[in-house]
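For reference, my_file.cif is printed below; it contains mmCIF, C-alpha atoms and all ligand atoms.
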```
data_upload
loop_
_atom_site.label_atom_id
_atom_site.label_comp_id
_atom_site.auth_asym_id
_atom_site.auth_seq_id
_atom_site.Cartn_x
_atom_site.Cartn_y
_atom_site.Cartn_z
CA MET A 1 0.00 0.00 0.00
CA HIS A 2 1.27 3.50 -0.80
CA LYS A 3 2.55 5.19 2.32
CA SER A 4 0.11 8.12 2.18
CA SER A 5 -2.92 5.91 1.56
CA GLN A 6 -1.79 3.67 4.39
CA PHE A 7 -1.64 6.70 6.64
CA ARG A 8 -5.06 7.84 5.40
CA THR A 9 -6.46 4.42 6.28
CA LEU A 10 -5.05 4.75 9.76
CA LEU A 11 -6.39 8.27 10.05
CA LEU A 12 -9.80 7.15 8.89
CA ALA A 13 -9.67 4.47 11.49
CA GLY A 14 -8.89 7.06 14.11
CA LEU A 15 -7.50 4.11 15.95
CA LEU A 16 -3.82 4.10 15.21
CA SER A 17 -3.15 1.94 18.22
CA LEU A 18 -5.13 -1.02 16.89
CA SER A 19 -1.95 -2.41 15.36
CA PRO A 20 -2.51 -6.00 14.25
CA GLY A 21 -1.04 -8.75 16.34
CA VAL A 22 0.27 -6.52 19.07
CA ALA A 23 -0.57 -6.84 22.73
CA PHE A 24 -0.92 -3.09 22.92
CA ALA A 25 0.31 -1.82 26.24
CA GLN A 26 -0.62 1.50 27.82
CA GLY A 27 2.22 2.30 30.14
CA SER A 28 2.47 -0.66 32.45
CA CYS A 29 -0.84 -2.36 31.66
CA LEU A 30 -2.40 -4.11 28.69
CA ALA A 31 -5.06 -2.34 26.66
CA LEU A 32 -8.70 -2.91 27.51
CA ARG A 33 -10.79 -1.14 24.91
CA TRP A 34 -14.35 -1.34 23.61
CA VAL A 35 -15.18 -0.32 20.05
CA THR A 36 -18.85 0.04 19.12
CA LEU A 37 -18.84 -1.24 15.54
CA GLY A 38 -22.60 -0.94 15.11
CA THR A 39 -24.94 1.04 17.36
CA ALA A 40 -28.36 0.50 15.77
CA GLY A 41 -31.01 -1.15 17.89
CA GLY A 42 -33.46 -3.74 16.65
CA PRO A 43 -34.06 -5.33 13.28
CA VAL A 44 -34.94 -2.18 11.31
CA PRO A 45 -31.96 -1.15 9.14
CA THR A 46 -30.98 2.52 9.34
CA ALA A 47 -28.88 4.67 7.04
CA ASP A 48 -26.61 6.08 9.71
CA ARG A 49 -25.98 3.16 12.09
CA SER A 50 -24.80 -0.38 11.50
CA GLU A 51 -26.53 -3.31 13.22
CA PRO A 52 -25.36 -4.21 16.76
CA ALA A 53 -21.74 -5.35 16.91
CA ASN A 54 -18.73 -4.57 19.09
CA LEU A 55 -15.02 -5.26 19.19
CA LEU A 56 -13.28 -5.85 22.51
CA ILE A 57 -9.52 -5.37 22.50
CA ALA A 58 -8.04 -7.00 25.57
CA GLY A 59 -4.26 -7.25 25.50
CA ASP A 60 -3.47 -9.31 22.40
CA GLN A 61 -7.03 -10.61 22.05
CA ARG A 62 -9.49 -9.25 19.47
CA ILE A 63 -12.98 -10.38 20.39
CA LEU A 64 -16.25 -9.71 18.63
CA VAL A 65 -19.22 -9.20 20.92
CA ASP A 66 -22.40 -9.60 18.90
CA THR A 67 -22.15 -9.72 15.14
CA GLY A 68 -25.02 -7.86 13.55
CA ASP A 69 -25.13 -7.46 9.80
CA GLY A 70 -22.25 -5.29 8.59
CA THR A 71 -19.77 -6.46 11.25
CA ILE A 72 -16.99 -7.26 8.80
CA ASP A 73 -17.43 -3.94 6.96
CA GLN A 74 -17.12 -2.08 10.24
CA LEU A 75 -13.97 -4.05 11.11
CA ALA A 76 -12.53 -3.03 7.75
CA ARG A 77 -13.37 0.61 8.45
CA ILE A 78 -11.18 0.61 11.58
CA GLY A 79 -8.39 -1.22 9.75
CA MET A 80 -8.82 -4.38 11.80
CA ASP A 81 -7.39 -7.46 10.13
CA MET A 82 -10.06 -10.17 10.41
CA ARG A 83 -7.47 -12.91 10.82
CA LEU A 84 -6.73 -11.57 14.29
CA VAL A 85 -10.28 -12.23 15.45
CA ARG A 86 -10.45 -15.77 16.83
CA THR A 87 -13.26 -15.32 19.35
CA VAL A 88 -16.90 -14.26 19.14
CA PHE A 89 -19.49 -13.82 21.88
CA ILE A 90 -23.16 -13.68 20.97
CA SER A 91 -25.48 -12.24 23.63
CA HIS A 92 -28.67 -13.79 22.28
CA LEU A 93 -29.97 -15.23 19.06
CA HIS A 94 -32.11 -12.38 17.79
CA LEU A 95 -30.89 -11.77 14.28
CA ASP A 96 -30.07 -8.09 14.77
CA HIS A 97 -27.26 -9.40 17.02
CA SER A 98 -26.16 -12.36 14.91
CA GLY A 99 -27.04 -11.56 11.28
CA GLY A 100 -23.39 -10.93 10.32
CA LEU A 101 -22.04 -14.16 11.82
CA GLY A 102 -22.30 -16.04 8.52
CA ALA A 103 -19.98 -13.53 6.85
CA VAL A 104 -17.50 -13.63 9.75
CA ILE A 105 -17.31 -17.44 9.57
CA GLY A 106 -17.60 -17.75 5.79
CA LEU A 107 -15.12 -15.09 4.71
CA ARG A 108 -12.63 -16.23 7.35
CA TRP A 109 -12.82 -19.70 5.82
CA MET A 110 -12.58 -18.39 2.24
CA ASN A 111 -9.41 -16.56 3.22
CA GLN A 112 -8.14 -19.72 4.92
CA PHE A 113 -7.08 -17.76 7.96
CA PRO A 114 -5.20 -19.98 10.42
CA GLY A 115 -6.75 -21.24 13.63
CA VAL A 116 -10.26 -22.15 14.67
CA LEU A 117 -12.83 -19.44 15.36
CA THR A 118 -14.67 -20.05 18.65
CA VAL A 119 -18.22 -18.74 18.89
CA TYR A 120 -19.56 -18.51 22.45
CA GLY A 121 -23.24 -17.90 23.07
CA PRO A 122 -26.39 -19.12 24.77
CA PRO A 123 -27.94 -22.52 24.09
CA GLY A 124 -28.93 -22.62 20.43
CA THR A 125 -25.62 -21.12 19.29
CA LYS A 126 -24.34 -24.52 18.15
CA GLU A 127 -27.43 -25.01 16.00
CA VAL A 128 -26.90 -21.58 14.43
CA VAL A 129 -23.19 -22.23 13.74
CA ASP A 130 -23.93 -25.73 12.39
CA GLY A 131 -26.51 -24.17 10.06
CA ILE A 132 -23.98 -21.64 8.78
CA VAL A 133 -21.43 -24.42 8.23
CA ALA A 134 -24.09 -26.44 6.38
CA SER A 135 -24.73 -23.44 4.11
CA MET A 136 -21.02 -23.53 3.21
CA GLY A 137 -21.36 -27.01 1.68
CA PRO A 138 -21.98 -25.86 -1.91
CA PRO A 139 -19.15 -23.27 -1.93
CA ALA A 140 -16.82 -25.91 -0.43
CA ARG A 141 -17.69 -28.24 -3.33
CA ILE A 142 -17.14 -25.42 -5.83
CA GLY A 143 -13.75 -24.42 -4.42
CA PHE A 144 -11.92 -21.17 -5.11
CA GLY A 145 -10.72 -21.87 -8.65
CA LEU A 146 -7.32 -22.90 -7.34
CA GLY A 147 -7.33 -26.53 -8.32
CA ALA A 148 -7.44 -28.50 -5.08
CA LEU A 149 -10.61 -28.15 -3.07
CA PRO A 150 -10.37 -26.16 0.19
CA PRO A 151 -10.42 -27.84 3.62
CA THR A 152 -13.87 -28.56 4.96
CA PRO A 153 -15.56 -25.50 6.57
CA ALA A 154 -16.44 -27.48 9.71
CA GLY A 155 -12.82 -27.41 10.83
CA SER A 156 -12.68 -23.60 10.80
CA VAL A 157 -15.18 -22.89 13.58
CA ARG A 158 -16.52 -24.36 16.81
CA ALA A 159 -19.44 -23.32 19.01
CA MET A 160 -19.36 -23.26 22.81
CA GLU A 161 -22.66 -22.76 24.59
CA LEU A 162 -22.67 -20.91 27.91
CA ARG A 163 -25.10 -21.03 30.82
CA ASP A 164 -26.17 -18.57 33.46
CA GLY A 165 -23.34 -17.91 35.92
CA GLN A 166 -20.66 -19.66 33.89
CA SER A 167 -17.14 -18.19 33.91
CA ILE A 168 -14.40 -18.95 31.41
CA THR A 169 -10.82 -17.83 30.88
CA LEU A 170 -9.59 -17.05 27.38
CA ASP A 171 -6.06 -16.82 26.02
CA GLY A 172 -4.24 -13.78 27.28
CA GLY A 173 -5.82 -14.02 30.74
CA VAL A 174 -9.16 -12.49 29.74
CA THR A 175 -11.95 -13.78 31.97
CA VAL A 176 -15.59 -13.75 30.94
CA LYS A 177 -18.62 -14.28 33.14
CA ALA A 178 -22.11 -14.81 31.70
CA ALA A 179 -25.41 -13.99 33.36
CA ALA A 180 -28.89 -14.75 32.06
CA ASN A 181 -30.95 -11.56 31.87
CA SER A 182 -34.65 -10.76 31.53
CA HIS A 183 -34.85 -10.12 27.77
CA PHE A 184 -36.94 -13.26 27.17
CA ASP A 185 -38.98 -13.22 30.39
CA HIS A 186 -42.70 -13.97 30.32
CA ASP A 187 -44.60 -11.92 32.91
CA GLY A 188 -41.48 -11.65 35.04
CA LYS A 189 -40.61 -15.34 34.79
CA PRO A 190 -37.66 -16.73 32.81
CA ASP A 191 -38.35 -18.46 29.52
CA PRO A 192 -37.75 -22.16 30.27
CA ALA A 193 -36.22 -22.85 26.86
CA ASN A 194 -34.23 -19.76 25.85
CA ILE A 195 -31.78 -17.40 27.52
CA SER A 196 -30.26 -14.05 26.70
CA LEU A 197 -26.82 -13.46 28.18
CA SER A 198 -25.02 -10.41 29.49
CA TYR A 199 -21.24 -10.64 29.79
CA ARG A 200 -18.56 -9.25 32.05
CA PHE A 201 -15.10 -9.18 30.46
CA ALA A 202 -12.14 -8.68 32.78
CA LEU A 203 -8.42 -8.28 32.31
CA GLY A 204 -6.53 -8.03 35.58
CA SER A 205 -8.46 -5.72 37.89
CA ARG A 206 -10.35 -3.90 35.12
CA SER A 207 -13.67 -4.92 33.61
CA ILE A 208 -16.29 -4.06 31.01
CA THR A 209 -19.86 -5.33 31.41
CA TYR A 210 -22.03 -5.59 28.32
CA THR A 211 -25.72 -6.16 28.06
CA GLY A 212 -26.97 -6.67 24.52
CA ASP A 213 -30.69 -6.62 25.25
CA THR A 214 -32.31 -6.98 28.64
CA GLY A 215 -35.14 -5.66 30.69
CA PRO A 216 -34.56 -4.46 34.23
CA SER A 217 -32.51 -7.25 35.78
CA ASP A 218 -30.99 -7.87 39.20
CA ALA A 219 -28.73 -10.44 37.51
CA VAL A 220 -27.24 -7.74 35.27
CA THR A 221 -26.84 -5.43 38.28
CA ALA A 222 -24.96 -8.18 40.14
CA LEU A 223 -22.85 -9.01 37.09
CA ALA A 224 -21.88 -5.34 36.72
CA SER A 225 -21.08 -4.82 40.40
CA GLY A 226 -18.01 -2.59 40.63
CA THR A 227 -17.40 -2.70 36.88
CA ASP A 228 -15.37 0.07 35.27
CA MET A 229 -17.67 0.40 32.25
CA LEU A 230 -21.25 -0.66 31.69
CA VAL A 231 -22.13 -0.89 27.99
CA SER A 232 -25.89 -0.91 27.63
CA GLU A 233 -28.71 -0.75 25.15
CA VAL A 234 -31.22 2.08 25.54
CA ILE A 235 -34.77 2.68 24.42
CA ASP A 236 -36.86 5.88 24.12
CA LEU A 237 -40.23 4.31 24.80
CA ASP A 238 -42.36 7.42 24.13
CA ARG A 239 -40.83 8.13 20.73
CA LEU A 240 -40.82 4.49 19.75
CA MET A 241 -44.48 4.00 20.65
CA LYS A 242 -45.36 7.23 18.79
CA GLU A 243 -43.66 5.92 15.68
CA ILE A 244 -45.32 2.51 15.99
CA ARG A 245 -48.74 4.18 16.31
CA GLU A 246 -48.07 6.27 13.20
CA ARG A 247 -46.71 3.40 11.12
CA ARG A 248 -49.05 0.68 12.26
CA VAL A 249 -52.42 2.35 11.89
CA ASP A 250 -53.86 -1.17 11.63
CA ALA A 251 -52.66 -2.07 15.14
CA SER A 252 -55.42 -2.80 17.64
CA PRO A 253 -55.36 -1.12 21.08
CA GLU A 254 -54.61 -4.55 22.60
CA MET A 255 -51.62 -5.02 20.30
CA LEU A 256 -50.29 -1.56 21.21
CA VAL A 257 -50.63 -2.35 24.91
CA SER A 258 -48.74 -5.62 24.55
CA MET A 259 -46.10 -3.89 22.40
CA GLN A 260 -45.58 -1.24 25.09
CA LYS A 261 -45.32 -3.94 27.75
CA HIS A 262 -42.78 -5.90 25.67
CA LEU A 263 -40.63 -2.84 25.00
CA SER A 264 -40.62 -1.64 28.61
CA THR A 265 -39.93 -5.04 30.22
CA HIS A 266 -37.59 -6.62 27.65
CA HIS A 267 -35.44 -3.54 27.03
CA LEU A 268 -33.88 -0.81 29.18
CA LEU A 269 -35.33 2.65 29.63
CA PRO A 270 -32.83 5.35 30.62
CA ALA A 271 -34.17 5.33 34.19
CA ASP A 272 -33.57 1.55 34.35
CA ILE A 273 -29.98 2.03 33.18
CA GLY A 274 -29.44 4.70 35.84
CA THR A 275 -30.74 2.34 38.52
CA ILE A 276 -28.51 -0.55 37.40
CA ALA A 277 -25.43 1.70 37.08
CA PHE A 278 -26.06 3.28 40.49
CA LYS A 279 -26.63 -0.02 42.29
CA ALA A 280 -23.65 -1.64 40.55
CA LYS A 281 -21.45 1.41 41.26
CA ALA A 282 -20.34 1.34 37.62
CA GLY A 283 -17.41 3.62 36.80
CA LYS A 284 -19.05 4.88 33.62
CA VAL A 285 -21.91 4.10 31.24
CA VAL A 286 -21.64 3.74 27.47
CA LEU A 287 -24.91 3.67 25.55
CA THR A 288 -25.41 1.80 22.29
CA HIS A 289 -28.16 -0.24 20.56
CA TYR A 290 -30.46 2.77 20.25
CA ALA A 291 -34.08 1.72 19.99
CA ILE A 292 -34.86 5.32 19.16
CA PRO A 293 -36.45 6.44 15.90
CA GLY A 294 -35.19 9.59 14.17
CA LEU A 295 -32.45 11.81 15.51
CA LEU A 296 -30.71 10.61 18.65
CA SER A 297 -29.97 14.24 19.55
CA GLU A 298 -33.69 14.81 20.14
CA SER A 299 -33.65 12.19 22.89
CA GLU A 300 -30.24 12.95 24.40
CA LEU A 301 -31.39 15.44 27.03
CA SER A 302 -34.16 13.21 28.35
CA ILE A 303 -31.84 10.17 28.30
CA ARG A 304 -29.22 11.97 30.35
CA THR A 305 -31.82 13.45 32.70
CA ASP A 306 -33.48 10.10 33.38
CA ILE A 307 -30.20 8.23 33.89
CA GLY A 308 -28.98 11.08 36.09
CA LYS A 309 -31.92 10.71 38.48
CA ALA A 310 -30.15 7.68 39.97
CA TYR A 311 -26.62 7.67 38.56
CA ALA A 312 -24.17 10.54 38.86
CA GLY A 313 -21.26 9.05 36.89
CA PRO A 314 -20.23 9.80 33.31
CA VAL A 315 -22.48 8.70 30.44
CA ASP A 316 -21.25 8.45 26.83
CA LEU A 317 -23.52 8.05 23.81
CA ALA A 318 -21.59 5.85 21.37
CA ARG A 319 -21.59 6.27 17.61
CA ASP A 320 -20.56 3.62 15.12
CA LEU A 321 -16.77 3.14 15.44
CA SER A 322 -16.51 4.96 18.78
CA SER A 323 -13.67 3.67 20.95
CA PHE A 324 -13.70 3.58 24.74
CA ASP A 325 -10.46 2.95 26.55
CA LEU A 326 -10.00 1.81 30.10
CA GLY A 327 -6.77 3.34 31.23
CA CYS A 328 -4.35 1.83 33.70
CA ARG A 329 -4.91 1.91 37.44
ZN ZN B 401 -31.36 -6.12 19.94
ZN ZN B 402 -33.10 -9.01 21.33
#
```
Go ahead and express the file in the form of structure tokens.
Ligand SMILES: [Zn+2]
Ligand SMILES: [Zn+2]
Amino acid sequence: MHKSSQFRTLLLAGLLSLSPGVAFAQGSCLALRWVTLGTAGGPVPTADRSEPANLLIAGDQRILVDTGDGTIDQLARIGMDMRLVRTVFISHLHLDHSGGLGAVIGLRWMNQFPGVLTVYGPPGTKEVVDGIVASMGPPARIGFGLGALPPTPAGSVRAMELRDGQSITLDGGVTVKAAANSHFDHDGKPDPANISLSYRFALGSRSITYTGDTGPSDAVTALASGTDMLVSEVIDLDRLMKEIRERRVDASPEMLVSMQKHLSTHHLLPADIGTIAFKAKAGKVVLTHYAIPGLLSESELSIRTDIGKAYAGPVDLARDLSSFDLGCR
């Protein structure tokens, strides 16, 4: 690559320190950084935000956390070499959070990147990964026009299903704890067959807690206890319901009532986020996954006000490709 265009790429990335393959150190400690690749919320595509996806940089590990559609494009935009990503965590199996997984697995295999990609997620993740691998049967039989057929796709990826309360340790000393949240609850009771997970990622004494989708949840509060950064979805219920009423003129009053109940119990209002962050004593809050129609700026004041009723710490509203660093301490 020409030197100036290489530099432009790095400038565009705004993330010069994401050098491939390097356990980036900040002073005396390893980097712990969260990049919001896609900050849209829900399954409605938008022009200005990519579907939910995040990149966690923890020492020499590059970890995808949720892989909504567009994940690999967003990785390219920050100059992240996909071959460095060997680990994926999926919070739950709604397709806004997993729609880009096929491209992550498939293009990694087409490039014949070394190593096996591990996809962690709730029960059902193995079925999803097996389905993606099955969809790679025809291209595997076609090959890449290079003579010999490529190795079977099944050897390029494995799925590991996690349960509520499970903790694992990854390469590089990154620990991850999973907690089942209330995103799939029925009238306050857990769904017996399906779970949605929130994750706490820790490196040394620092941690980032991520909740993809959840309603108010004591389990998430406990998971986030003392965390340095709580990354959370957010919903503007009033604006969302107004839009639904305008778009769905056919909706019955009963349907609107059940929609409002679903949105307010299976997702987080700003006041809910403030309560969780306050109780957990979170160091800061980063908002993403905006279930907010129209301009975010028109909701920002009320979001900050409602979170601030309980939580006095810093609150950041992420954009696509925002980067949040945890410094050393
Ligand atoms: Zn979602
Ligand atoms: Zn969801």
Surrounding residues of segment 261-269 of chain A excluding itself and chain neighbours under 5 positions, 8 Å, all atoms listed in the file, as a ChimeraX atom specification: /A:182-185,213-216,233-237
Output of the above residues as an mmCIF file, in the frame of the given file, restricted to C-alpha atoms:
```cif
data_model
loop_
_atom_site.group_PDB
_atom_site.id
_atom_site.type_symbol
_atom_site.label_atom_id
_atom_site.label_comp_id
_atom_site.auth_asym_id
_atom_site.auth_seq_id
_atom_site.Cartn_x
_atom_site.Cartn_y
_atom_site.Cartn_z
ATOM 1 C CA SER A 182 -34.650 -10.760 31.530
ATOM 2 C CA HIS A 183 -34.850 -10.120 27.770
ATOM 3 C CA PHE A 184 -36.940 -13.260 27.170
ATOM 4 C CA ASP A 185 -38.980 -13.220 30.390
ATOM 5 C CA ASP A 213 -30.690 -6.620 25.250
ATOM 6 C CA THR A 214 -32.310 -6.980 28.640
ATOM 7 C CA GLY A 215 -35.140 -5.660 30.690
ATOM 8 C CA PRO A 216 -34.560 -4.460 34.230
ATOM 9 C CA GLU A 233 -28.710 -0.750 25.150
ATOM 10 C CA VAL A 234 -31.220 2.080 25.540
ATOM 11 C CA ILE A 235 -34.770 2.680 24.420
ATOM 12 C CA ASP A 236 -36.860 5.880 24.120
ATOM 13 C CA LEU A 237 -40.230 4.310 24.800
#
```
For chain A versus ligand ZN 401 (chain B), which residues have an atom no more than 10 Å away, and what is each residue's nearest atom pair and distance in Å rounded to one decimal, using all atoms listed in the file, chain-then-number order, as a tab-separated table?
```
residue	atom	partner	partner_atom	distance
A:Thr39	CA	B:ZN401	ZN	10.0
A:Ala40	CA	B:ZN401	ZN	8.4
A:Gly41	CA	B:ZN401	ZN	5.4
A:Gly42	CA	B:ZN401	ZN	4.6
A:Pro43	CA	B:ZN401	ZN	7.2
A:Glu51	CA	B:ZN401	ZN	8.7
A:Pro52	CA	B:ZN401	ZN	7.1
A:Asp66	CA	B:ZN401	ZN	9.7
A:Gly68	CA	B:ZN401	ZN	9.2
A:Ser91	CA	B:ZN401	ZN	9.3
A:His92	CA	B:ZN401	ZN	8.5
A:Leu93	CA	B:ZN401	ZN	9.3
A:His94	CA	B:ZN401	ZN	6.7
A:Leu95	CA	B:ZN401	ZN	8.0
A:Asp96	CA	B:ZN401	ZN	5.7
A:His97	CA	B:ZN401	ZN	6.0
A:Ser98	CA	B:ZN401	ZN	9.6
A:His183	CA	B:ZN401	ZN	9.5
A:Thr211	CA	B:ZN401	ZN	9.9
A:Gly212	CA	B:ZN401	ZN	6.4
A:Asp213	CA	B:ZN401	ZN	5.4
A:Thr214	CA	B:ZN401	ZN	8.8
A:Glu233	CA	B:ZN401	ZN	7.9
A:Val234	CA	B:ZN401	ZN	9.9
A:His266	CA	B:ZN401	ZN	9.9
A:His267	CA	B:ZN401	ZN	8.6
A:His289	CA	B:ZN401	ZN	6.7
A:Tyr290	CA	B:ZN401	ZN	8.9
A:Ala291	CA	B:ZN401	ZN	8.3
```
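Minimum atom-to-atom distances from A:Ile208, A:Leu197, A:Ala312, A:Val286 to Ala58 of chain A were compared using only C-alpha atoms, and the lowest value belongs to A:Ile208.
Closest approach to ligand ZN 402 (chain B) among A:Ser196, A:Asn181, A:Thr288, A:Ser232: A:Ser196, based on all atoms listed in the file.
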Which value, in Å to one decimal, gives the distance between atom CA of Ala31 of chain A and atom CA of Gly204 of chain A? 10.7 Å
Atom-to-atom span, atom CA of Ser50 of chain A and atom CA of Ala103 of chain A, Å: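 Straight-line distance from atom CA of Ser50 of chain A to atom CA of Ala103 of chain A works out to 14.8 Å.
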For a quick check of understanding, using all atoms listed in the file, which of A:Ser297, A:Gln61, A:Ser323, A:Ser302 has the smallest distance to Gly172 of chain A? A:Gln61
Shortest interatomic distance to Val174 of chain A - which of A:Ala202, A:Pro139, A:Asp250, A:Pro153, counting all atoms listed in the file: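 Among the listed residues, A:Ala202 lies closest to Val174 of chain A.
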Point out the residue among A:Ala154, A:Met136, A:Met229, A:Leu203 with the least atom-to-atom distance to Ala282 of chain A, counting all atoms listed in the file.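 Comparing A:Ala154, A:Met136, A:Met229, A:Leu203 against Ala282 of chain A, the winner is A:Met229.
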Spatial neighbours of Gly226 of chain A, max dist 9 Å, only C-alpha atoms, sep filter under 6 positions, as a ChimeraX atom specification: /A:207,280-283
Taking all atoms listed in the file into account, which of A:Pro314, A:Lys284, A:Arg200, A:Pro270 comes nearest Glu300 of chain A?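 Checking each of A:Pro314, A:Lys284, A:Arg200, A:Pro270 against Glu300 of chain A, counting all atoms listed in the file, the winner is A:Pro270.
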Sphere at (-9.4, -14.8, 15.8), radius 8 Å, counting only C-alpha atoms: residues as a ChimeraX atom specification: /A:61-63,82-87,115-118
What gap, in Å, lies between atom CA of Gln112 of chain A and atom CA of Gly59 of chain A?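 Going from atom CA of Gln112 of chain A over to atom CA of Gly59 of chain A, I get 24.4 Å.
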Quick one: residues within 10 Å of Val65 of chain A, only C-alpha atoms, excluding same-chain residues fewer than 5 positions away - as a ChimeraX atom specification? /A:34-37,52-56,87-91,97-98,119-121,199,210,212
Using all atoms listed in the file, which residues sit within 8 Å of Leu223 of chain A once same-chain residues fewer than 4 positions away are excluded, as a ChimeraX atom specification? /A:177-179,199-200,209,219
Nearby residues (all atoms listed in the file) at most 12 Å from Gly131 of chain A, same-chain spacing under 6 positions excluded, as a list in words: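 Listing them by chain and then by number gives Leu101, Gly102, Ile105, Gly106, Gly124, Thr125, Gly137, Pro153, Ala154, Val157 and Ala159 of chain A.
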Writer output for current selection, C-alpha atoms, as a PDB file, in the coordinates of the input:
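This is the output file part29.pdb:
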```pdb
ATOM      1  CA  LEU A 101     -22.040 -14.160  11.820  1.00  0.00           C
ATOM      2  CA  GLY A 102     -22.300 -16.040   8.520  1.00  0.00           C
ATOM      3  CA  ILE A 105     -17.310 -17.440   9.570  1.00  0.00           C
ATOM      4  CA  GLY A 106     -17.600 -17.750   5.790  1.00  0.00           C
ATOM      5  CA  GLY A 124     -28.930 -22.620  20.430  1.00  0.00           C
ATOM      6  CA  THR A 125     -25.620 -21.120  19.290  1.00  0.00           C
ATOM      7  CA  GLY A 137     -21.360 -27.010   1.680  1.00  0.00           C
ATOM      8  CA  PRO A 153     -15.560 -25.500   6.570  1.00  0.00           C
ATOM      9  CA  ALA A 154     -16.440 -27.480   9.710  1.00  0.00           C
ATOM     10  CA  VAL A 157     -15.180 -22.890  13.580  1.00  0.00           C
ATOM     11  CA  ALA A 159     -19.440 -23.320  19.010  1.00  0.00           C
TER      12      ALA A 159
END
```
